[in-house]
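S.K.: So here's start15.pdb, just PDB, N, CA and C atoms:
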ATOM      1  N   MET A   1      -9.104  34.224  -7.382
ATOM      2  CA  MET A   1      -8.113  33.571  -6.559
ATOM      3  C   MET A   1      -7.813  32.194  -7.120
ATOM      4  N   SER A   2      -6.573  31.872  -7.184
ATOM      5  CA  SER A   2      -6.200  30.545  -7.664
ATOM      6  C   SER A   2      -5.757  29.701  -6.477
ATOM      7  N   SER A   3      -6.211  28.471  -6.488
ATOM      8  CA  SER A   3      -5.825  27.572  -5.399
ATOM      9  C   SER A   3      -4.541  26.862  -5.787
ATOM     10  N   PRO A   4      -3.722  26.536  -4.808
ATOM     11  CA  PRO A   4      -2.472  25.832  -5.120
ATOM     12  C   PRO A   4      -2.778  24.466  -5.714
ATOM     13  N   GLU A   5      -1.983  24.090  -6.699
ATOM     14  CA  GLU A   5      -2.178  22.798  -7.339
ATOM     15  C   GLU A   5      -1.784  21.680  -6.390
ATOM     16  N   LYS A   6      -2.588  20.666  -6.379
ATOM     17  CA  LYS A   6      -2.308  19.513  -5.528
ATOM     18  C   LYS A   6      -1.679  18.426  -6.368
ATOM     19  N   LYS A   7      -0.656  17.799  -5.815
ATOM     20  CA  LYS A   7      -0.032  16.670  -6.486
ATOM     21  C   LYS A   7      -0.907  15.444  -6.288
ATOM     22  N   PRO A   8      -0.983  14.583  -7.292
ATOM     23  CA  PRO A   8      -1.785  13.369  -7.107
ATOM     24  C   PRO A   8      -1.182  12.491  -6.022
ATOM     25  N   ALA A   9      -2.040  11.976  -5.199
ATOM     26  CA  ALA A   9      -1.584  11.106  -4.107
ATOM     27  C   ALA A   9      -1.210   9.742  -4.653
ATOM     28  N   ALA A  10      -0.341   9.075  -3.931
ATOM     29  CA  ALA A  10       0.041   7.711  -4.307
ATOM     30  C   ALA A  10      -1.173   6.805  -4.135
ATOM     31  N   PRO A  11      -1.265   5.747  -4.911
ATOM     32  CA  PRO A  11      -2.405   4.841  -4.766
ATOM     33  C   PRO A  11      -2.537   4.343  -3.337
ATOM     34  N   ALA A  12      -3.764   4.293  -2.865
ATOM     35  CA  ALA A  12      -4.016   3.914  -1.474
ATOM     36  C   ALA A  12      -3.628   2.467  -1.200
ATOM     37  N   GLU A  13      -3.701   1.611  -2.226
ATOM     38  CA  GLU A  13      -3.414   0.199  -1.986
ATOM     39  C   GLU A  13      -1.931  -0.094  -1.846
ATOM     40  N   PHE A  14      -1.059   0.826  -2.257
ATOM     41  CA  PHE A  14       0.383   0.576  -2.167
ATOM     42  C   PHE A  14       0.979   1.361  -1.009
ATOM     43  N   LYS A  15       1.322   0.652   0.043
ATOM     44  CA  LYS A  15       2.009   1.258   1.179
ATOM     45  C   LYS A  15       3.203   0.376   1.499
ATOM     46  N   ASP A  16       4.371   0.961   1.378
ATOM     47  CA  ASP A  16       5.592   0.211   1.635
ATOM     48  C   ASP A  16       5.941   0.348   3.111
ATOM     49  N   PRO A  17       5.876  -0.748   3.877
ATOM     50  CA  PRO A  17       6.201  -0.647   5.298
ATOM     51  C   PRO A  17       7.665  -0.271   5.526
ATOM     52  N   ASN A  18       8.563  -0.677   4.616
ATOM     53  CA  ASN A  18       9.967  -0.302   4.770
ATOM     54  C   ASN A  18      10.141   1.198   4.613
ATOM     55  N   LEU A  19       9.367   1.809   3.725
ATOM     56  CA  LEU A  19       9.452   3.250   3.538
ATOM     57  C   LEU A  19       9.019   3.983   4.800
ATOM     58  N   GLU A  20       7.939   3.525   5.414
ATOM     59  CA  GLU A  20       7.457   4.155   6.646
ATOM     60  C   GLU A  20       8.480   4.002   7.777
ATOM     61  N   LEU A  21       9.039   2.804   7.917
ATOM     62  CA  LEU A  21      10.032   2.579   8.968
ATOM     63  C   LEU A  21      11.293   3.393   8.707
ATOM     64  N   ALA A  22      11.734   3.425   7.452
ATOM     65  CA  ALA A  22      12.924   4.215   7.109
ATOM     66  C   ALA A  22      12.690   5.690   7.387
ATOM     67  N   ARG A  23      11.490   6.177   7.107
ATOM     68  CA  ARG A  23      11.166   7.582   7.388
ATOM     69  C   ARG A  23      11.254   7.875   8.885
ATOM     70  N   GLU A  24      10.691   6.979   9.685
ATOM     71  CA  GLU A  24      10.740   7.176  11.138
ATOM     72  C   GLU A  24      12.181   7.129  11.655
ATOM     73  N   LEU A  25      12.959   6.185  11.133
ATOM     74  CA  LEU A  25      14.363   6.095  11.538
ATOM     75  C   LEU A  25      15.126   7.363  11.148
ATOM     76  N   PHE A  26      14.876   7.841   9.924
ATOM     77  CA  PHE A  26      15.575   9.033   9.444
ATOM     78  C   PHE A  26      15.247  10.237  10.311
ATOM     79  N   ILE A  27      13.987  10.405  10.641
ATOM     80  CA  ILE A  27      13.584  11.548  11.470
ATOM     81  C   ILE A  27      14.271  11.476  12.826
ATOM     82  N   GLY A  28      14.264  10.300  13.438
ATOM     83  CA  GLY A  28      14.899  10.158  14.747
ATOM     84  C   GLY A  28      16.397  10.371  14.705
ATOM     85  N   LEU A  29      17.059   9.766  13.702
ATOM     86  CA  LEU A  29      18.512   9.935  13.602
ATOM     87  C   LEU A  29      18.888  11.367  13.239
ATOM     88  N   ALA A  30      18.123  11.971  12.340
ATOM     89  CA  ALA A  30      18.431  13.345  11.934
ATOM     90  C   ALA A  30      18.290  14.305  13.109
ATOM     91  N   GLN A  31      17.303  14.085  13.945
ATOM     92  CA  GLN A  31      17.146  14.931  15.131
ATOM     93  C   GLN A  31      18.377  14.846  16.022
ATOM     94  N   ARG A  32      18.867  13.630  16.205
ATOM     95  CA  ARG A  32      20.035  13.456  17.072
ATOM     96  C   ARG A  32      21.316  13.989  16.431
ATOM     97  N   VAL A  33      21.503  13.667  15.167
ATOM     98  CA  VAL A  33      22.760  14.003  14.498
ATOM     99  C   VAL A  33      22.884  15.495  14.234
ATOM    100  N   TYR A  34      21.833  16.092  13.693
ATOM    101  CA  TYR A  34      21.942  17.477  13.242
ATOM    102  C   TYR A  34      21.629  18.500  14.322
ATOM    103  N   SER A  35      21.032  18.093  15.446
ATOM    104  CA  SER A  35      20.771  19.056  16.512
ATOM    105  C   SER A  35      21.901  19.096  17.546
ATOM    106  N   ALA A  36      22.732  18.076  17.573
ATOM    107  CA  ALA A  36      23.841  18.037  18.525
ATOM    108  C   ALA A  36      24.947  18.977  18.061
ATOM    109  N   PRO A  37      25.530  19.710  18.981
ATOM    110  CA  PRO A  37      26.639  20.575  18.581
ATOM    111  C   PRO A  37      27.843  19.735  18.140
ATOM    112  N   ALA A  38      28.468  20.182  17.090
ATOM    113  CA  ALA A  38      29.600  19.441  16.541
ATOM    114  C   ALA A  38      30.900  20.132  16.904
ATOM    115  N   SER A  39      31.893  19.321  17.150
ATOM    116  CA  SER A  39      33.216  19.884  17.371
ATOM    117  C   SER A  39      33.794  20.248  16.002
ATOM    118  N   PRO A  40      34.811  21.111  15.962
ATOM    119  CA  PRO A  40      35.363  21.536  14.669
ATOM    120  C   PRO A  40      35.901  20.381  13.812
ATOM    121  N   GLU A  41      36.416  19.341  14.439
ATOM    122  CA  GLU A  41      36.966  18.231  13.658
ATOM    123  C   GLU A  41      35.913  17.189  13.282
ATOM    124  N   GLN A  42      34.717  17.299  13.867
ATOM    125  CA  GLN A  42      33.658  16.337  13.574
ATOM    126  C   GLN A  42      32.751  16.879  12.473
ATOM    127  N   LYS A  43      32.583  16.091  11.416
ATOM    128  CA  LYS A  43      31.781  16.502  10.277
ATOM    129  C   LYS A  43      30.423  15.804  10.323
ATOM    130  N   LYS A  44      29.366  16.528  10.017
ATOM    131  CA  LYS A  44      28.020  15.952   9.985
ATOM    132  C   LYS A  44      27.868  15.117   8.711
ATOM    133  N   PRO A  45      27.158  13.986   8.801
ATOM    134  CA  PRO A  45      26.991  13.142   7.611
ATOM    135  C   PRO A  45      26.052  13.789   6.599
ATOM    136  N   ASP A  46      26.227  13.398   5.353
ATOM    137  CA  ASP A  46      25.362  13.844   4.277
ATOM    138  C   ASP A  46      23.953  13.296   4.518
ATOM    139  N   PRO A  47      22.906  14.098   4.363
ATOM    140  CA  PRO A  47      21.547  13.594   4.590
ATOM    141  C   PRO A  47      21.179  12.407   3.694
ATOM    142  N   LYS A  48      21.681  12.393   2.467
ATOM    143  CA  LYS A  48      21.384  11.279   1.573
ATOM    144  C   LYS A  48      22.026   9.989   2.092
ATOM    145  N   ALA A  49      23.235  10.094   2.629
ATOM    146  CA  ALA A  49      23.898   8.916   3.197
ATOM    147  C   ALA A  49      23.143   8.431   4.432
ATOM    148  N   LEU A  50      22.636   9.354   5.224
ATOM    149  CA  LEU A  50      21.855   8.985   6.401
ATOM    150  C   LEU A  50      20.554   8.292   5.983
ATOM    151  N   ALA A  51      19.923   8.789   4.921
ATOM    152  CA  ALA A  51      18.696   8.159   4.416
ATOM    153  C   ALA A  51      18.982   6.755   3.896
ATOM    154  N   THR A  52      20.103   6.581   3.207
ATOM    155  CA  THR A  52      20.488   5.261   2.706
ATOM    156  C   THR A  52      20.677   4.292   3.864
ATOM    157  N   LEU A  53      21.319   4.744   4.914
ATOM    158  CA  LEU A  53      21.499   3.918   6.104
ATOM    159  C   LEU A  53      20.148   3.524   6.689
ATOM    160  N   CYS A  54      19.215   4.460   6.738
ATOM    161  CA  CYS A  54      17.893   4.175   7.299
ATOM    162  C   CYS A  54      17.152   3.122   6.477
ATOM    163  N   PHE A  55      17.274   3.187   5.142
ATOM    164  CA  PHE A  55      16.641   2.172   4.303
ATOM    165  C   PHE A  55      17.267   0.802   4.528
ATOM    166  N   ARG A  56      18.573   0.767   4.682
ATOM    167  CA  ARG A  56      19.236  -0.523   4.944
ATOM    168  C   ARG A  56      18.825  -1.082   6.300
ATOM    169  N   LEU A  57      18.696  -0.208   7.285
ATOM    170  CA  LEU A  57      18.244  -0.658   8.604
ATOM    171  C   LEU A  57      16.817  -1.185   8.537
ATOM    172  N   ALA A  58      15.953  -0.514   7.788
ATOM    173  CA  ALA A  58      14.562  -0.950   7.658
ATOM    174  C   ALA A  58      14.476  -2.299   6.948
ATOM    175  N   GLU A  59      15.282  -2.495   5.906
ATOM    176  CA  GLU A  59      15.296  -3.781   5.205
ATOM    177  C   GLU A  59      15.807  -4.895   6.111
ATOM    178  N   GLY A  60      16.840  -4.603   6.889
ATOM    179  CA  GLY A  60      17.362  -5.587   7.833
ATOM    180  C   GLY A  60      16.346  -5.933   8.901
ATOM    181  N   PHE A  61      15.618  -4.941   9.361
ATOM    182  CA  PHE A  61      14.583  -5.171  10.365
ATOM    183  C   PHE A  61      13.480  -6.062   9.794
ATOM    184  N   ALA A  62      13.073  -5.800   8.564
ATOM    185  CA  ALA A  62      12.024  -6.609   7.936
ATOM    186  C   ALA A  62      12.494  -8.046   7.738
ATOM    187  N   ALA A  63      13.747  -8.220   7.345
ATOM    188  CA  ALA A  63      14.288  -9.569   7.155
ATOM    189  C   ALA A  63      14.342 -10.322   8.480
ATOM    190  N   ALA A  64      14.773  -9.659   9.525
ATOM    191  CA  ALA A  64      14.851 -10.306  10.831
ATOM    192  C   ALA A  64      13.460 -10.579  11.402
ATOM    193  N   ALA A  65      12.517  -9.699  11.125
ATOM    194  CA  ALA A  65      11.160  -9.882  11.639
ATOM    195  C   ALA A  65      10.495 -11.103  11.022
ATOM    196  N   SER A  66      10.847 -11.435   9.779
ATOM    197  CA  SER A  66      10.244 -12.605   9.141
ATOM    198  C   SER A  66      10.845 -13.908   9.646
ATOM    199  N   GLU A  67      11.881 -13.828  10.449
ATOM    200  CA  GLU A  67      12.526 -15.028  10.984
ATOM    201  C   GLU A  67      12.189 -15.280  12.456
ATOM    202  N   THR A  68      11.259 -14.523  13.006
ATOM    203  CA  THR A  68      10.892 -14.724  14.405
ATOM    204  C   THR A  68      10.064 -16.001  14.542
ATOM    205  N   PRO A  69      10.084 -16.626  15.697
ATOM    206  CA  PRO A  69       9.319 -17.866  15.881
ATOM    207  C   PRO A  69       7.820 -17.696  15.632
ATOM    208  N   LYS A  70       7.269 -16.563  16.000
ATOM    209  CA  LYS A  70       5.838 -16.326  15.818
ATOM    210  C   LYS A  70       5.477 -16.281  14.335
ATOM    211  N   VAL A  71       6.282 -15.588  13.539
ATOM    212  CA  VAL A  71       6.022 -15.497  12.098
ATOM    213  C   VAL A  71       6.252 -16.850  11.435
ATOM    214  N   LYS A  72       7.299 -17.562  11.839
ATOM    215  CA  LYS A  72       7.557 -18.882  11.272
ATOM    216  C   LYS A  72       6.398 -19.831  11.558
ATOM    217  N   ALA A  73       5.835 -19.772  12.772
ATOM    218  CA  ALA A  73       4.705 -20.629  13.126
ATOM    219  C   ALA A  73       3.475 -20.267  12.296
ATOM    220  N   ALA A  74       3.246 -18.980  12.070
ATOM    221  CA  ALA A  74       2.104 -18.557  11.264
ATOM    222  C   ALA A  74       2.258 -19.007   9.813
ATOM    223  N   LEU A  75       3.470 -18.915   9.269
ATOM    224  CA  LEU A  75       3.713 -19.370   7.900
ATOM    225  C   LEU A  75       3.534 -20.879   7.777
ATOM    226  N   GLU A  76       4.007 -21.597   8.790
ATOM    227  CA  GLU A  76       3.866 -23.053   8.773
ATOM    228  C   GLU A  76       2.389 -23.447   8.840
ATOM    229  N   ALA A  77       1.618 -22.767   9.670
ATOM    230  CA  ALA A  77       0.183 -23.061   9.765
ATOM    231  C   ALA A  77      -0.525 -22.727   8.456
ATOM    232  N   ALA A  78      -0.143 -21.636   7.825
ATOM    233  CA  ALA A  78      -0.754 -21.263   6.547
ATOM    234  C   ALA A  78      -0.402 -22.275   5.464
ATOM    235  N   ASN A  79       0.819 -22.774   5.466
ATOM    236  CA  ASN A  79       1.224 -23.774   4.480
ATOM    237  C   ASN A  79       0.477 -25.090   4.682
ATOM    238  N   LYS A  80       0.238 -25.453   5.931
ATOM    239  CA  LYS A  80      -0.501 -26.684   6.209
ATOM    240  C   LYS A  80      -1.960 -26.543   5.783
ATOM    241  N   ALA A  81      -2.523 -25.371   5.952
ATOM    242  CA  ALA A  81      -3.935 -25.151   5.631
ATOM    243  C   ALA A  81      -4.169 -24.911   4.144
ATOM    244  N   ALA A  82      -3.142 -24.586   3.406
ATOM    245  CA  ALA A  82      -3.292 -24.281   1.981
ATOM    246  C   ALA A  82      -3.580 -25.546   1.184
ATOM    247  N   VAL A  83      -4.419 -25.394   0.173
ATOM    248  CA  VAL A  83      -4.724 -26.500  -0.727
ATOM    249  C   VAL A  83      -3.725 -26.455  -1.872
ATOM    250  N   LYS A  84      -3.029 -27.539  -2.044
ATOM    251  CA  LYS A  84      -2.055 -27.625  -3.128
ATOM    252  C   LYS A  84      -2.723 -28.324  -4.300
ATOM    253  N   LEU A  85      -3.003 -27.577  -5.354
ATOM    254  CA  LEU A  85      -3.732 -28.123  -6.485
ATOM    255  C   LEU A  85      -2.956 -29.203  -7.216
ATOM    256  N   ASP A  86      -1.645 -29.196  -7.110
ATOM    257  CA  ASP A  86      -0.837 -30.229  -7.746
ATOM    258  C   ASP A  86      -1.057 -31.595  -7.101
ATOM    259  N   GLU A  87      -1.445 -31.608  -5.846
ATOM    260  CA  GLU A  87      -1.612 -32.853  -5.116
ATOM    261  C   GLU A  87      -3.055 -33.369  -5.117
ATOM    262  N   VAL A  88      -3.989 -32.620  -5.692
ATOM    263  CA  VAL A  88      -5.391 -33.025  -5.711
ATOM    264  C   VAL A  88      -5.634 -33.916  -6.922
ATOM    265  N   ASP A  89      -6.255 -35.071  -6.690
ATOM    266  CA  ASP A  89      -6.552 -36.018  -7.762
ATOM    267  C   ASP A  89      -7.992 -35.813  -8.220
ATOM    268  N   LEU A  90      -8.167 -35.268  -9.413
ATOM    269  CA  LEU A  90      -9.496 -35.004  -9.961
ATOM    270  C   LEU A  90      -9.851 -35.947 -11.111
ATOM    271  N   THR A  91      -9.114 -37.018 -11.271
ATOM    272  CA  THR A  91      -9.363 -37.915 -12.396
ATOM    273  C   THR A  91     -10.742 -38.553 -12.317
ATOM    274  N   SER A  92     -11.217 -38.879 -11.122
ATOM    275  CA  SER A  92     -12.538 -39.482 -10.994
ATOM    276  C   SER A  92     -13.639 -38.514 -11.395
ATOM    277  N   VAL A  93     -13.440 -37.244 -11.193
ATOM    278  CA  VAL A  93     -14.426 -36.243 -11.569
ATOM    279  C   VAL A  93     -14.519 -36.137 -13.090
ATOM    280  N   PHE A  94     -13.385 -36.152 -13.743
ATOM    281  CA  PHE A  94     -13.367 -36.018 -15.199
ATOM    282  C   PHE A  94     -13.752 -37.311 -15.898
ATOM    283  N   GLN A  95     -13.535 -38.465 -15.311
ATOM    284  CA  GLN A  95     -13.910 -39.733 -15.919
ATOM    285  C   GLN A  95     -15.417 -39.862 -16.024
ATOM    286  N   GLY A  96     -16.129 -39.393 -15.055
ATOM    287  CA  GLY A  96     -17.590 -39.471 -15.068
ATOM    288  C   GLY A  96     -18.201 -38.571 -16.131
ATOM    289  N   SER A  97     -17.573 -37.472 -16.491
ATOM    290  CA  SER A  97     -18.132 -36.560 -17.478
ATOM    291  C   SER A  97     -17.781 -36.958 -18.903
ATOM    292  N   ASN A  98     -16.848 -37.885 -19.116
ATOM    293  CA  ASN A  98     -16.440 -38.304 -20.458
ATOM    294  C   ASN A  98     -17.415 -39.312 -21.073
ATOM    295  N   LYS A  99     -18.286 -39.906 -20.322
ATOM    296  CA  LYS A  99     -19.226 -40.917 -20.823
ATOM    297  C   LYS A  99     -20.305 -40.220 -21.637
ATOM    298  N   THR A 100     -20.449 -40.631 -22.902
ATOM    299  CA  THR A 100     -21.486 -40.043 -23.762
ATOM    300  C   THR A 100     -22.313 -41.093 -24.453
TER     301      THR A 100
END
Please re-express this file's structure in structure tokens.
M.R.:
Amino acid sequence: MSSPEKKPAAPAEFKDPNLELARELFIGLAQRVYSAPASPEQKKPDPKALATLCFRLAEGFAAAASETPKVKAALEAANKAAVKLDEVDLTSVFQGSNKT
């Protein structure tokens, strides 16, 4: 007996949140669009066009989510807590080691 070949899985460390959101949007929209009865003059959209729309919606959602007050406050706090190496003066440390 031969077992079906398995495709290699995508690396576990790479998960695109936009891809997951676009997939969920596509499933929901496809259920509504393709299960509803269509009138003769109404044409169903191409699935690829619907998927493209879902990706654009997911990207727009991600862009808007990064502009919320909560995210802005978290970014501001992280920037304040970060050490900026360009602003650190280490000349006194190196002056003491130059004496021979």
S.K.: Quick one: everything within 10 Å of A:Pro17, counting only C-alpha atoms, minus sequence neighbours fewer than 5 positions away in the same chain. Send it as a short mmCIF file (atom, residue, chain, number, x, y, z; two decimals) with N, CA and C atoms, in the coordinates of the input.
M.R.:
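result_27.cif written:
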data_model
loop_
_atom_site.label_atom_id
_atom_site.label_comp_id
_atom_site.auth_asym_id
_atom_site.auth_seq_id
_atom_site.Cartn_x
_atom_site.Cartn_y
_atom_site.Cartn_z
N ALA A 22 11.73 3.42 7.45
CA ALA A 22 12.92 4.22 7.11
C ALA A 22 12.69 5.69 7.39
N ARG A 23 11.49 6.18 7.11
CA ARG A 23 11.17 7.58 7.39
C ARG A 23 11.25 7.88 8.88
N ALA A 58 15.95 -0.51 7.79
CA ALA A 58 14.56 -0.95 7.66
C ALA A 58 14.48 -2.30 6.95
N GLU A 59 15.28 -2.50 5.91
CA GLU A 59 15.30 -3.78 5.20
C GLU A 59 15.81 -4.89 6.11
N ALA A 62 13.07 -5.80 8.56
CA ALA A 62 12.02 -6.61 7.94
C ALA A 62 12.49 -8.05 7.74
#
S.K.: Kindly give the distance, in Å, that separates atom CA of A:Ala51 and atom CA of A:Tyr34, rounded to a single decimal.
M.R.: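 About the pair atom CA of A:Ala51 and atom CA of A:Tyr34: they are 13.2 Å apart.
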S.K.: Rounded to one decimal, what separation in Å do you get between atom C of A:Ala64 and atom C of A:Ala82?
M.R.: 24.9 Å
S.K.: Could you tell me how far atom N of A:Phe61 sits from atom CA of A:Ala73, in Å to one decimal place?
M.R.: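 Separating atom CA of A:Ala73 from atom N of A:Phe61 is a distance of 19.5 Å.
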S.K.: Which of these residues is nearest to A:Phe26, using only N, CA and C atoms: A:Ala74, A:Asp89, A:Cys54, A:Ala65?
M.R.: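 Looking only at the distances to A:Phe26, the closest residue turns out to be A:Cys54.
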S.K.: Go through chain A and collect every residue that DSSP, computed from the backbone, puts in alpha helix (DSSP H); the answer should be as a PyMOL selection string.
M.R.: chain A and resi 17-35+47-65+69-81+91-97
S.K.: Rebuild N, CA, C and O atoms on stretch 47-58 of chain A, as a JSON list (two decimals), keeping the file's coordinate frame?
M.R.:
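Written file, selection.json:
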[["chain", "number", "residue", "atom", "x", "y", "z"],
["A", 47, "PRO", "N", 22.91, 14.10, 4.36],
["A", 47, "PRO", "CA", 21.55, 13.59, 4.59],
["A", 47, "PRO", "C", 21.18, 12.41, 3.69],
["A", 47, "PRO", "O", 20.47, 11.50, 4.12],
["A", 48, "LYS", "N", 21.68, 12.39, 2.47],
["A", 48, "LYS", "CA", 21.38, 11.28, 1.57],
["A", 48, "LYS", "C", 22.03, 9.99, 2.09],
["A", 48, "LYS", "O", 21.43, 8.92, 2.02],
["A", 49, "ALA", "N", 23.24, 10.09, 2.63],
["A", 49, "ALA", "CA", 23.90, 8.92, 3.20],
["A", 49, "ALA", "C", 23.14, 8.43, 4.43],
["A", 49, "ALA", "O", 23.01, 7.21, 4.65],
["A", 50, "LEU", "N", 22.64, 9.35, 5.22],
["A", 50, "LEU", "CA", 21.86, 8.98, 6.40],
["A", 50, "LEU", "C", 20.55, 8.29, 5.98],
["A", 50, "LEU", "O", 20.15, 7.30, 6.59],
["A", 51, "ALA", "N", 19.92, 8.79, 4.92],
["A", 51, "ALA", "CA", 18.70, 8.16, 4.42],
["A", 51, "ALA", "C", 18.98, 6.76, 3.90],
["A", 51, "ALA", "O", 18.20, 5.82, 4.14],
["A", 52, "THR", "N", 20.10, 6.58, 3.21],
["A", 52, "THR", "CA", 20.49, 5.26, 2.71],
["A", 52, "THR", "C", 20.68, 4.29, 3.86],
["A", 52, "THR", "O", 20.24, 3.14, 3.80],
["A", 53, "LEU", "N", 21.32, 4.74, 4.91],
["A", 53, "LEU", "CA", 21.50, 3.92, 6.10],
["A", 53, "LEU", "C", 20.15, 3.52, 6.69],
["A", 53, "LEU", "O", 19.94, 2.37, 7.07],
["A", 54, "CYS", "N", 19.22, 4.46, 6.74],
["A", 54, "CYS", "CA", 17.89, 4.18, 7.30],
["A", 54, "CYS", "C", 17.15, 3.12, 6.48],
["A", 54, "CYS", "O", 16.48, 2.25, 7.03],
["A", 55, "PHE", "N", 17.27, 3.19, 5.14],
["A", 55, "PHE", "CA", 16.64, 2.17, 4.30],
["A", 55, "PHE", "C", 17.27, 0.80, 4.53],
["A", 55, "PHE", "O", 16.57, -0.21, 4.58],
["A", 56, "ARG", "N", 18.57, 0.77, 4.68],
["A", 56, "ARG", "CA", 19.24, -0.52, 4.94],
["A", 56, "ARG", "C", 18.82, -1.08, 6.30],
["A", 56, "ARG", "O", 18.63, -2.29, 6.45],
["A", 57, "LEU", "N", 18.70, -0.21, 7.28],
["A", 57, "LEU", "CA", 18.24, -0.66, 8.60],
["A", 57, "LEU", "C", 16.82, -1.18, 8.54],
["A", 57, "LEU", "O", 16.49, -2.21, 9.15],
["A", 58, "ALA", "N", 15.95, -0.51, 7.79],
["A", 58, "ALA", "CA", 14.56, -0.95, 7.66],
["A", 58, "ALA", "C", 14.48, -2.30, 6.95],
["A", 58, "ALA", "O", 13.70, -3.18, 7.35]]
